[in-house]
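Here the structure comes first, spelled out in structure tokens, and everything after it is commentary.
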Amino acid sequence: MEEKKVIDINWADKWQVYQRLRELDIPCTCEVNQPLRVKIATPISALQAWSVMRQITAPRQDKIRSLERCWCMRHHNF
């Protein structure tokens, strides 16, 4: 499945996403004035890349709603 994907992200967030993907050992390149390129080798790496992008680029209100849903699901299971 290994593919190199270009991630369309604003320049201010690009370096933060790049650093987090590197911490997760997901191969990527981020050069000046170039798009972020990520090598997606497995479904797990695709999910991790999506998650990193969401953490950094999602609006604050979306993150709050997601946490509230998780809390409610967890609370109902006890």
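Starting from 1 in every chain, residues are counted up; chains themselves are A, B, ... following the order of the structure tokens, and ligands are numbered from 1 as listed.
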
What residues in chain A get the DSSP label alpha helix (DSSP H)? Please answer as an mmCIF file with C-alpha atoms, in the first residue's frame.
data_model
loop_
_atom_site.group_PDB
_atom_site.id
_atom_site.type_symbol
_atom_site.label_atom_id
_atom_site.label_comp_id
_atom_site.auth_asym_id
_atom_site.auth_seq_id
_atom_site.Cartn_x
_atom_site.Cartn_y
_atom_site.Cartn_z
ATOM 1 C CA TRP A 11 2.552 26.729 6.407
ATOM 2 C CA ALA A 12 2.079 27.644 10.074
ATOM 3 C CA ASP A 13 0.761 24.158 10.956
ATOM 4 C CA LYS A 14 2.996 22.232 8.557
ATOM 5 C CA TRP A 15 6.054 22.070 10.821
ATOM 6 C CA GLN A 16 4.017 20.991 13.841
ATOM 7 C CA VAL A 17 2.398 18.157 11.853
ATOM 8 C CA TYR A 18 5.789 17.188 10.431
ATOM 9 C CA GLN A 19 7.388 16.976 13.885
ATOM 10 C CA ARG A 20 4.564 14.843 15.300
ATOM 11 C CA LEU A 21 4.625 12.457 12.334
ATOM 12 C CA ARG A 22 8.387 12.058 12.789
ATOM 13 C CA GLU A 23 7.834 11.264 16.488
ATOM 14 C CA PRO A 43 -3.621 1.518 7.435
ATOM 15 C CA ILE A 44 -2.275 2.367 10.918
ATOM 16 C CA SER A 45 0.042 5.048 9.527
ATOM 17 C CA ALA A 46 -2.890 6.474 7.529
ATOM 18 C CA LEU A 47 -5.006 6.646 10.688
ATOM 19 C CA GLN A 48 -2.156 8.197 12.684
ATOM 20 C CA ALA A 49 -1.545 10.830 9.997
ATOM 21 C CA TRP A 50 -5.275 11.659 9.914
ATOM 22 C CA SER A 51 -5.357 11.899 13.711
ATOM 23 C CA VAL A 52 -2.348 14.236 13.846
ATOM 24 C CA MET A 53 -3.876 16.468 11.184
ATOM 25 C CA ARG A 54 -7.171 16.576 13.066
ATOM 26 C CA GLN A 55 -5.521 17.379 16.400
ATOM 27 C CA ILE A 56 -3.669 20.316 14.929
ATOM 28 C CA THR A 57 -6.141 21.715 12.397
ATOM 29 C CA ARG A 60 -11.533 24.110 19.032
ATOM 30 C CA GLN A 61 -15.302 23.567 19.180
ATOM 31 C CA ASP A 62 -14.998 20.312 17.190
ATOM 32 C CA LYS A 63 -12.385 19.043 19.637
ATOM 33 C CA ILE A 64 -14.618 19.924 22.589
ATOM 34 C CA ARG A 65 -17.594 18.080 21.049
ATOM 35 C CA SER A 66 -15.433 15.031 20.388
ATOM 36 C CA LEU A 67 -14.194 14.950 23.983
ATOM 37 C CA GLU A 68 -17.741 15.357 25.283
ATOM 38 C CA ARG A 69 -18.938 12.414 23.155
ATOM 39 C CA CYS A 70 -16.074 10.251 24.429
ATOM 40 C CA TRP A 71 -16.836 11.240 28.009
ATOM 41 C CA CYS A 72 -20.534 10.426 27.591
ATOM 42 C CA MET A 73 -19.786 7.044 26.007
ATOM 43 C CA ARG A 74 -17.351 6.176 28.776
ATOM 44 C CA HIS A 75 -19.693 7.402 31.502
ATOM 45 C CA HIS A 76 -22.615 5.305 30.146
#

Just to confirm, what's the straight-line distance from CA of Lys39 (chain A) to CA of Ile7 (chain A) in Å (one decimal)? 10.5 Å

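When the distance limit is 8 Å and only C-alpha atoms are what count, the residues near Lys4 (chain A), minus those fewer than 6 positions from it on the same chain, are Arg37, Val38, Lys39 and Ile40 of chain A.
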
8 Å contact set for Pro35 (chain A), only C-alpha atoms, chain neighbours under 6 positions out, as a ChimeraX atom specification: /A:6-9

Looking only at strand (DSSP E) from DSSP on the backbone, list the matching residues of chain A as a count of residues only. 12
